[in-house]
Amino acid sequence: MFKKIDRKNITVLPGVFRERMDINRKYLMELDTQCLLQNFYLEAGIIMLGLQVVDDPARANLHWGWEAPTCQLRGHFLGHWLSAAAAYYASENDMEIKTKLDKIISELARCQQLNGGEWIGSIPEKYFDMLANNQYVWSPQYVMHKTIMGLTDAYKYAGSDQALDIIDRLSDWYIRWTNAMQEKNPAAVYGGEQGGMLEAWAELYEITENDKYMRLVGRYWDNGLFAALDKGGDALTNDHANASIPLSHGSAKLYEITGDEKWRRYTELFWKNAVTDRGMYCTGGQNAGEFWIPPFMQGQFLGETDQEFCTIYNMVRTASYLYKWTGDVQYADYIEKCLYNGFLAQQNPDIGTPAYFLPLGSGSRKKWGSKTHDFWCCHGTMVQAQALYPELIYFEDEQNDRLIISQYIPSKLKYNRGNSSVCVEQSTDMKSYNCQTFFDEHDGGNMSRWPLKFTVNSSVPEKFTLSLRVPCWIKGEPIVHINGLMQNPEISGGYLNITKLWSDDEIRIFFPSAPVMESLPDMPELAAFVDGPIVLAGLTDCDCGLSGDFENPEEILAPRTEHTYGTFPWKQNCYITRNQPKNILFKPLYEITDETYTVYFTKKQNV
């Protein structure tokens, strides 16, 4: 089993991922503290200055959309905000965001006291009475899970004892409510989109070893999904995707706590149902309109509502559990696909807000959320997603004395190994970080995105194995130089393994790549261009079809580069079609902001 390295030891360096993290942090800090707390204040009876009477809602200092006081899902976003802010503090030692975090938690404690000492909801307790009475109410357990999750992360990553105390008091309320439901309506515990609760209570047991949290785990683990997975077959088609994925996190956390293999089996069966036996779009998504697509029928559901962002974020978390247990590179490859074509592609690069869905039909446009007037569920997962990168890059395999590099994100790792202080830094060996590309004025014009540079420094010479994931998209063999000398290192299990006495060393690796076409399983005449892990989008409002040798996409696409100092001398992963009636410019899907684009094109047969 791999061990995650504490995020406090990892710094994401300049590059596209760093830029997106910074945009996200700016958005977190822009949001008004009172507005973030508005629904908790209203529930606790706290009057907000200037808002006793709202004469003009358009001018009122309030958050709207799903955070509006009239929405049953109100207050869900703050939990995500707390999780993201705590993550930034942990990896960046960001005292400004920590100060805001601590202020919000102190105000939540105040609200809890005014509510009687236990309830700390942005929604009323009577919503849970509605669940008990089988009345419709929009996902109250989802809302409360976000608050519990955010407070837990504030304790884990930012050391807030007050946050843990708030949860401790709230959990007593949950003990009483779930006790009552055993008599009145046992099914109510599994209503209101409760999926995340299982992991939340399990994690709190792991942190505190307080048996009451395991009692709550027992109240939430007998859900219908695990029984359906046990029966075999397809347990997901047409089910609400984001309501089911968190259950795989719960079973994963229970496996890590208890060692009981049944919980691992449920997580593995979930992955098999969701990915292996279902297929996916070239972007990594498996759903449309929030629901699981039937197996290998992605073409039938191409449209404006493909790939809800929450599902991409949560599937990355499921893949992370499985990767940590197995070291299987299929999970790291999946995560990489989702990072470029979900985390980056569905975040507005200018203001940081999300696209709820990622349209994949012809002539698509991304619909961006506003900063304060929407607050969809994907606003919450997006702010967490952009803070997740440090957790995905480096792992330790203590049993085999290996340091694993799983994701190629410019970053620095500093940690202690035995008596040594080890520093590993990775970059894409470029002169400007803005586009994450490689340029050497003496390389004779050979340009690529994937030459990588690593430096390893150890305060005391230290022998261990450095294992670097060999991506599934590589074309040919990796080219490796250590301290300027060509090497032929071992490649096994999907990793390039270098074992040596490390002191002050430099590694250069080149992963050759080329565009390929990925067809839809139910409509093989439709295909998308993918360059390495990066989906390309054509700047056209229709599927005008493409002709040529589809086994050799380089005959259909020609690289299109920009040679300007404003961005970086060589802008990679852009292409233009060749020998088509109408030639089309292709660029990475994650670079598309407001342009009209098409991802899947009809493969025309040559006559």
# chains A, B, ... in the order shown; residues from 1 in each chain; ligands from 1
>>> residues_around(residues="A:Gly299", least_positions_apart="6", cutoff="8 Å", atoms="only C-alpha atoms", output="list in words")
Leu520, Pro521, Asp522, Met523 and Leu526 of chain A
>>> write_last_selection(atoms="C-alpha atoms", output="mmCIF file, in the first residue's frame")
data_model
loop_
_atom_site.group_PDB
_atom_site.id
_atom_site.type_symbol
_atom_site.label_atom_id
_atom_site.label_comp_id
_atom_site.auth_asym_id
_atom_site.auth_seq_id
_atom_site.Cartn_x
_atom_site.Cartn_y
_atom_site.Cartn_z
ATOM 1 C CA LEU A 520 -17.306 6.321 -29.107
ATOM 2 C CA PRO A 521 -18.155 2.660 -28.432
ATOM 3 C CA ASP A 522 -21.759 2.859 -29.660
ATOM 4 C CA MET A 523 -21.009 5.273 -32.496
ATOM 5 C CA LEU A 526 -17.563 9.609 -34.096
#
>>> select_by_dssp(residues="stretch 446-558 of chain A", states="strand (DSSP E)", output="PyMOL selection string")
chain A and resi 451-469+479-482+485-487+490-492+495-510+515-519+526-531+534-538+546-547+557-558
>>> residues_around(residues="A:Tyr89", least_positions_apart="3", cutoff="12 Å", atoms="only C-alpha atoms", output="ChimeraX atom specification")
/A:7-8,11,25,82-86,92-102,153-160,387
>>> write_last_selection(atoms="C-alpha atoms", output="compact mmCIF listing (two decimals), in the first residue's frame")
# COMPACT_ATOMS: atom_id res chain seq x y z
CA ARG A 7 0.74 18.03 1.79
CA LYS A 8 2.66 20.44 4.02
CA THR A 11 4.65 23.02 -2.99
CA ARG A 25 -7.53 31.15 -3.81
CA LEU A 82 -13.76 25.43 4.79
CA SER A 83 -12.21 22.30 3.23
CA ALA A 84 -10.49 24.29 0.48
CA ALA A 85 -9.24 27.01 2.85
CA ALA A 86 -7.83 24.43 5.27
CA GLU A 92 0.94 26.99 1.64
CA ASN A 93 1.09 28.05 5.31
CA ASP A 94 -1.32 30.76 4.18
CA MET A 95 -2.01 32.82 7.31
CA GLU A 96 -4.40 35.20 5.57
CA ILE A 97 -6.78 32.42 4.62
CA LYS A 98 -6.27 30.79 8.03
CA THR A 99 -7.40 33.99 9.76
CA LYS A 100 -10.59 34.03 7.71
CA LEU A 101 -11.12 30.32 8.36
CA ASP A 102 -10.75 30.73 12.13
CA ASP A 153 -10.90 19.28 7.30
CA ALA A 154 -10.44 22.46 9.35
CA TYR A 155 -9.32 20.25 12.23
CA LYS A 156 -7.18 17.88 10.08
CA TYR A 157 -5.40 20.46 7.96
CA ALA A 158 -5.59 23.68 9.96
CA GLY A 159 -5.49 22.34 13.52
CA SER A 160 -8.81 23.87 14.59
CA ALA A 387 -6.63 22.69 -3.73
>>> select_by_dssp(residues="stretch 177-251 of chain A", states="alpha helix (DSSP H)", output="number ranges by chain")
A: 177-184, 197-208, 211-220, 224-231, 241-251
>>> closest_atom_pairs(of="stretch 466-559 of chain A", to="stretch 584-590 of chain A", cutoff="12 Å", atoms="only C-alpha atoms", output="CSV")
residue,atom,partner,partner_atom,distance
A:Pro515,CA,A:Phe586,CA,11.3
A:Ala528,CA,A:Phe586,CA,10.8
A:Phe529,CA,A:Phe586,CA,8.8
A:Val530,CA,A:Pro588,CA,8.9
A:Asp531,CA,A:Pro588,CA,8.6
A:Gly532,CA,A:Pro588,CA,10.8
A:Pro533,CA,A:Pro588,CA,10.1
A:Ile534,CA,A:Pro588,CA,6.3
A:Val535,CA,A:Leu589,CA,5.7
A:Leu536,CA,A:Pro588,CA,4.5
A:Ala537,CA,A:Leu589,CA,5.2
A:Gly538,CA,A:Phe586,CA,4.3
A:Leu539,CA,A:Leu585,CA,5.7
A:Thr540,CA,A:Ile584,CA,6.9
A:Asp541,CA,A:Ile584,CA,10.5
A:Cys542,CA,A:Ile584,CA,10.8
A:Asp543,CA,A:Ile584,CA,10.7
A:Cys544,CA,A:Ile584,CA,9.6
A:Gly545,CA,A:Ile584,CA,10.6
A:Leu546,CA,A:Ile584,CA,9.8
A:Ile556,CA,A:Ile584,CA,10.6
A:Leu557,CA,A:Phe586,CA,8.7
A:Ala558,CA,A:Leu585,CA,9.6
A:Pro559,CA,A:Phe586,CA,9.3
>>> residues_around(residues="stretch 140-143 of chain A", least_positions_apart="3", cutoff="10 Å", atoms="only C-alpha atoms", output="PyMOL selection string")
chain A and resi 72-79+121-128+130-131+137+146-148+189-197+243+377
>>> residues_around(residues="stretch 332-349 of chain A", least_positions_apart="5", cutoff="7 Å", atoms="only C-alpha atoms", output="PDB file with N, CA, C and O atoms, in the first residue's frame")
ATOM      1  N   ARG A  20      -4.065  27.970 -11.762  1.00  0.00           N
ATOM      2  CA  ARG A  20      -5.457  27.672 -11.406  1.00  0.00           C
ATOM      3  C   ARG A  20      -5.647  27.661  -9.888  1.00  0.00           C
ATOM      4  O   ARG A  20      -6.705  28.057  -9.380  1.00  0.00           O
ATOM      5  N   THR A 283     -12.937  12.493 -22.120  1.00  0.00           N
ATOM      6  CA  THR A 283     -12.591  13.414 -21.035  1.00  0.00           C
ATOM      7  C   THR A 283     -12.526  12.748 -19.680  1.00  0.00           C
ATOM      8  O   THR A 283     -12.033  13.334 -18.716  1.00  0.00           O
ATOM      9  N   GLY A 284     -13.075  11.530 -19.557  1.00  0.00           N
ATOM     10  CA  GLY A 284     -13.100  10.831 -18.277  1.00  0.00           C
ATOM     11  C   GLY A 284     -14.475  10.733 -17.653  1.00  0.00           C
ATOM     12  O   GLY A 284     -14.652  10.024 -16.664  1.00  0.00           O
ATOM     13  N   PHE A 309     -19.444  18.274 -13.096  1.00  0.00           N
ATOM     14  CA  PHE A 309     -18.114  18.392 -12.503  1.00  0.00           C
ATOM     15  C   PHE A 309     -18.002  17.672 -11.170  1.00  0.00           C
ATOM     16  O   PHE A 309     -16.966  17.076 -10.866  1.00  0.00           O
ATOM     17  N   ILE A 312     -16.715  14.207 -11.618  1.00  0.00           N
ATOM     18  CA  ILE A 312     -15.298  14.096 -11.963  1.00  0.00           C
ATOM     19  C   ILE A 312     -14.449  14.225 -10.698  1.00  0.00           C
ATOM     20  O   ILE A 312     -13.532  13.435 -10.446  1.00  0.00           O
ATOM     21  N   VAL A 316     -12.256  11.087  -9.047  1.00  0.00           N
ATOM     22  CA  VAL A 316     -10.823  11.207  -8.785  1.00  0.00           C
ATOM     23  C   VAL A 316     -10.516  10.771  -7.360  1.00  0.00           C
ATOM     24  O   VAL A 316      -9.511  10.088  -7.099  1.00  0.00           O
ATOM     25  N   ALA A 319     -10.629   7.005  -7.328  1.00  0.00           N
ATOM     26  CA  ALA A 319      -9.415   6.491  -7.970  1.00  0.00           C
ATOM     27  C   ALA A 319      -8.204   6.646  -7.056  1.00  0.00           C
ATOM     28  O   ALA A 319      -7.301   5.790  -7.048  1.00  0.00           O
ATOM     29  N   TYR A 323      -5.718   3.721  -6.079  1.00  0.00           N
ATOM     30  CA  TYR A 323      -4.304   3.846  -6.443  1.00  0.00           C
ATOM     31  C   TYR A 323      -3.408   3.643  -5.221  1.00  0.00           C
ATOM     32  O   TYR A 323      -2.398   2.946  -5.281  1.00  0.00           O
ATOM     33  N   PRO A 354     -17.099  27.447 -11.871  1.00  0.00           N
ATOM     34  CA  PRO A 354     -17.168  26.208 -12.647  1.00  0.00           C
ATOM     35  C   PRO A 354     -18.163  26.258 -13.793  1.00  0.00           C
ATOM     36  O   PRO A 354     -19.078  27.088 -13.837  1.00  0.00           O
ATOM     37  N   ALA A 355     -17.983  25.308 -14.703  1.00  0.00           N
ATOM     38  CA  ALA A 355     -19.036  24.892 -15.623  1.00  0.00           C
ATOM     39  C   ALA A 355     -19.675  23.654 -14.994  1.00  0.00           C
ATOM     40  O   ALA A 355     -18.991  22.661 -14.760  1.00  0.00           O
ATOM     41  N   LEU A 358     -19.943  19.709 -18.774  1.00  0.00           N
ATOM     42  CA  LEU A 358     -18.995  19.934 -19.854  1.00  0.00           C
ATOM     43  C   LEU A 358     -19.662  19.458 -21.143  1.00  0.00           C
ATOM     44  O   LEU A 358     -19.651  18.269 -21.457  1.00  0.00           O
ATOM     45  N   TRP A 368     -20.655  29.169 -17.698  1.00  0.00           N
ATOM     46  CA  TRP A 368     -19.914  29.415 -16.463  1.00  0.00           C
ATOM     47  C   TRP A 368     -20.832  29.930 -15.366  1.00  0.00           C
ATOM     48  O   TRP A 368     -21.717  30.750 -15.614  1.00  0.00           O
ATOM     49  N   ALA A 385     -11.364  21.073  -5.579  1.00  0.00           N
ATOM     50  CA  ALA A 385     -10.547  20.425  -6.604  1.00  0.00           C
ATOM     51  C   ALA A 385      -9.241  21.162  -6.835  1.00  0.00           C
ATOM     52  O   ALA A 385      -8.171  20.551  -6.949  1.00  0.00           O
ATOM     53  N   SER A 406       3.638  10.162  -9.158  1.00  0.00           N
ATOM     54  CA  SER A 406       2.429   9.693  -9.829  1.00  0.00           C
ATOM     55  C   SER A 406       1.930  10.673 -10.880  1.00  0.00           C
ATOM     56  O   SER A 406       1.454  10.266 -11.939  1.00  0.00           O
ATOM     57  N   GLN A 407       1.992  11.984 -10.577  1.00  0.00           N
ATOM     58  CA  GLN A 407       1.500  13.002 -11.509  1.00  0.00           C
ATOM     59  C   GLN A 407       2.615  13.974 -11.853  1.00  0.00           C
ATOM     60  O   GLN A 407       3.430  14.333 -10.983  1.00  0.00           O
ATOM     61  N   PRO A 471       3.246   7.028 -18.498  1.00  0.00           N
ATOM     62  CA  PRO A 471       1.847   7.269 -18.874  1.00  0.00           C
ATOM     63  C   PRO A 471       1.359   6.283 -19.929  1.00  0.00           C
ATOM     64  O   PRO A 471       2.122   5.816 -20.780  1.00  0.00           O
ATOM     65  N   CYS A 472       0.057   5.997 -19.896  1.00  0.00           N
ATOM     66  CA  CYS A 472      -0.533   5.052 -20.843  1.00  0.00           C
ATOM     67  C   CYS A 472      -0.503   5.585 -22.271  1.00  0.00           C
ATOM     68  O   CYS A 472      -0.580   4.820 -23.230  1.00  0.00           O
ATOM     69  N   PRO A 533      -2.633  13.132 -22.534  1.00  0.00           N
ATOM     70  CA  PRO A 533      -3.860  13.067 -21.741  1.00  0.00           C
ATOM     71  C   PRO A 533      -4.858  14.170 -22.087  1.00  0.00           C
ATOM     72  O   PRO A 533      -5.911  14.264 -21.466  1.00  0.00           O
ATOM     73  N   ILE A 534      -4.530  15.012 -23.073  1.00  0.00           N
ATOM     74  CA  ILE A 534      -5.252  16.262 -23.301  1.00  0.00           C
ATOM     75  C   ILE A 534      -6.223  16.132 -24.462  1.00  0.00           C
ATOM     76  O   ILE A 534      -5.820  15.858 -25.604  1.00  0.00           O
ATOM     77  N   VAL A 535      -7.515  16.306 -24.192  1.00  0.00           N
ATOM     78  CA  VAL A 535      -8.532  16.303 -25.237  1.00  0.00           C
ATOM     79  C   VAL A 535      -8.440  17.610 -26.014  1.00  0.00           C
ATOM     80  O   VAL A 535      -8.327  18.696 -25.432  1.00  0.00           O
ATOM     81  N   LEU A 589      -8.963  21.372 -24.776  1.00  0.00           N
ATOM     82  CA  LEU A 589     -10.297  21.676 -24.270  1.00  0.00           C
ATOM     83  C   LEU A 589     -10.228  22.557 -23.030  1.00  0.00           C
ATOM     84  O   LEU A 589     -11.097  23.394 -22.795  1.00  0.00           O
ATOM     85  N   TYR A 590      -9.156  22.397 -22.234  1.00  0.00           N
ATOM     86  CA  TYR A 590      -9.070  23.198 -21.011  1.00  0.00           C
ATOM     87  C   TYR A 590      -8.713  24.655 -21.299  1.00  0.00           C
ATOM     88  O   TYR A 590      -8.834  25.505 -20.417  1.00  0.00           O
ATOM     89  N   GLU A 591      -8.269  24.958 -22.516  1.00  0.00           N
ATOM     90  CA  GLU A 591      -7.988  26.348 -22.865  1.00  0.00           C
ATOM     91  C   GLU A 591      -9.209  27.059 -23.450  1.00  0.00           C
ATOM     92  O   GLU A 591      -9.176  28.255 -23.701  1.00  0.00           O
ATOM     93  N   THR A 593     -12.550  28.887 -23.313  1.00  0.00           N
ATOM     94  CA  THR A 593     -13.325  29.634 -22.316  1.00  0.00           C
ATOM     95  C   THR A 593     -14.710  29.951 -22.874  1.00  0.00           C
ATOM     96  O   THR A 593     -15.692  29.319 -22.494  1.00  0.00           O
TER      97      THR A 593
END
>>> closest_residue(among="A:Cys111, A:Ile46, A:Cys310, A:Ile498", to="A:Ser467", atoms="only C-alpha atoms")
A:Ile498
>>> closest_residue(among="A:Met315, A:Ile507, A:Leu216, A:Val470", to="A:Val275", atoms="only C-alpha atoms")
A:Met315
>>> residues_around(residues="A:Glu256", least_positions_apart="6", cutoff="10 Å", atoms="only C-alpha atoms", output="PDB file with N, CA, C and O atoms, in the first residue's frame")
ATOM      1  N   ALA A 202     -16.902   7.763   9.525  1.00  0.00           N
ATOM      2  CA  ALA A 202     -15.752   6.866   9.622  1.00  0.00           C
ATOM      3  C   ALA A 202     -14.465   7.654   9.852  1.00  0.00           C
ATOM      4  O   ALA A 202     -13.613   7.259  10.666  1.00  0.00           O
ATOM      5  N   GLU A 203     -14.324   8.766   9.161  1.00  0.00           N
ATOM      6  CA  GLU A 203     -13.117   9.571   9.323  1.00  0.00           C
ATOM      7  C   GLU A 203     -13.041  10.161  10.727  1.00  0.00           C
ATOM      8  O   GLU A 203     -11.956  10.230  11.327  1.00  0.00           O
ATOM      9  N   GLU A 206     -11.806   7.577  12.977  1.00  0.00           N
ATOM     10  CA  GLU A 206     -10.368   7.423  12.784  1.00  0.00           C
ATOM     11  C   GLU A 206      -9.593   8.497  13.538  1.00  0.00           C
ATOM     12  O   GLU A 206      -8.550   8.238  14.125  1.00  0.00           O
ATOM     13  N   TRP A 263     -15.211  -4.182   2.646  1.00  0.00           N
ATOM     14  CA  TRP A 263     -15.317  -2.769   2.298  1.00  0.00           C
ATOM     15  C   TRP A 263     -14.444  -2.440   1.101  1.00  0.00           C
ATOM     16  O   TRP A 263     -14.835  -1.664   0.233  1.00  0.00           O
ATOM     17  N   ARG A 264     -13.282  -3.040   1.032  1.00  0.00           N
ATOM     18  CA  ARG A 264     -12.451  -2.857  -0.162  1.00  0.00           C
ATOM     19  C   ARG A 264     -13.167  -3.412  -1.394  1.00  0.00           C
ATOM     20  O   ARG A 264     -13.129  -2.817  -2.469  1.00  0.00           O
ATOM     21  N   TYR A 321      -8.109   6.491  -3.741  1.00  0.00           N
ATOM     22  CA  TYR A 321      -8.113   5.391  -2.771  1.00  0.00           C
ATOM     23  C   TYR A 321      -7.553   4.120  -3.407  1.00  0.00           C
ATOM     24  O   TYR A 321      -6.680   3.444  -2.849  1.00  0.00           O
ATOM     25  N   TRP A 325      -3.987   1.891  -2.597  1.00  0.00           N
ATOM     26  CA  TRP A 325      -3.966   0.492  -2.159  1.00  0.00           C
ATOM     27  C   TRP A 325      -3.165  -0.400  -3.092  1.00  0.00           C
ATOM     28  O   TRP A 325      -2.523  -1.352  -2.652  1.00  0.00           O
TER      29      TRP A 325
END
>>> atom_distance(atom1="atom CA of A:Gln487", atom2="atom CA of A:Arg508")
10.1 Å
>>> atom_distance(atom1="atom CA of A:Gly50", atom2="atom CA of A:Val383")
28.8 Å
>>> residues_around(residues="A:Trp177", least_positions_apart="3", cutoff="10 Å", atoms="only C-alpha atoms", output="short mmCIF file (atom, residue, chain, number, x, y, z; two decimals) with N, CA, C and O atoms, in the first residue's frame")
data_model
loop_
_atom_site.label_atom_id
_atom_site.label_comp_id
_atom_site.auth_asym_id
_atom_site.auth_seq_id
_atom_site.Cartn_x
_atom_site.Cartn_y
_atom_site.Cartn_z
N PHE A 128 -35.35 17.37 8.67
CA PHE A 128 -35.15 15.96 8.98
C PHE A 128 -36.46 15.31 9.43
O PHE A 128 -36.65 14.11 9.25
N ASP A 129 -37.36 16.12 10.02
CA ASP A 129 -38.71 15.60 10.30
C ASP A 129 -39.43 15.30 9.00
O ASP A 129 -40.20 14.33 8.91
N ALA A 132 -38.33 12.02 7.81
CA ALA A 132 -38.96 10.96 8.62
C ALA A 132 -40.41 10.72 8.20
O ALA A 132 -40.90 9.59 8.27
N SER A 171 -22.75 15.73 16.64
CA SER A 171 -22.90 14.27 16.52
C SER A 171 -23.88 13.73 17.56
O SER A 171 -24.55 12.72 17.32
N ASP A 172 -23.99 14.39 18.71
CA ASP A 172 -24.96 13.96 19.72
C ASP A 172 -26.38 14.11 19.19
O ASP A 172 -27.26 13.28 19.47
N TRP A 173 -26.60 15.18 18.42
CA TRP A 173 -27.91 15.37 17.77
C TRP A 173 -28.17 14.20 16.82
O TRP A 173 -29.28 13.65 16.78
N TYR A 174 -27.16 13.81 16.05
CA TYR A 174 -27.34 12.73 15.08
C TYR A 174 -27.56 11.39 15.76
O TYR A 174 -28.32 10.55 15.26
N ALA A 180 -34.04 7.59 16.97
CA ALA A 180 -35.49 7.74 16.77
C ALA A 180 -35.93 7.11 15.45
O ALA A 180 -37.01 6.51 15.37
N MET A 181 -35.10 7.22 14.43
CA MET A 181 -35.48 6.67 13.12
C MET A 181 -35.51 5.14 13.13
O MET A 181 -36.23 4.53 12.32
N GLN A 182 -34.73 4.50 14.02
CA GLN A 182 -34.78 3.04 14.10
C GLN A 182 -36.20 2.57 14.42
O GLN A 182 -36.63 1.51 13.96
N VAL A 189 -32.92 7.46 7.25
CA VAL A 189 -31.48 7.66 7.37
C VAL A 189 -30.80 7.63 6.01
O VAL A 189 -29.75 8.25 5.80
#
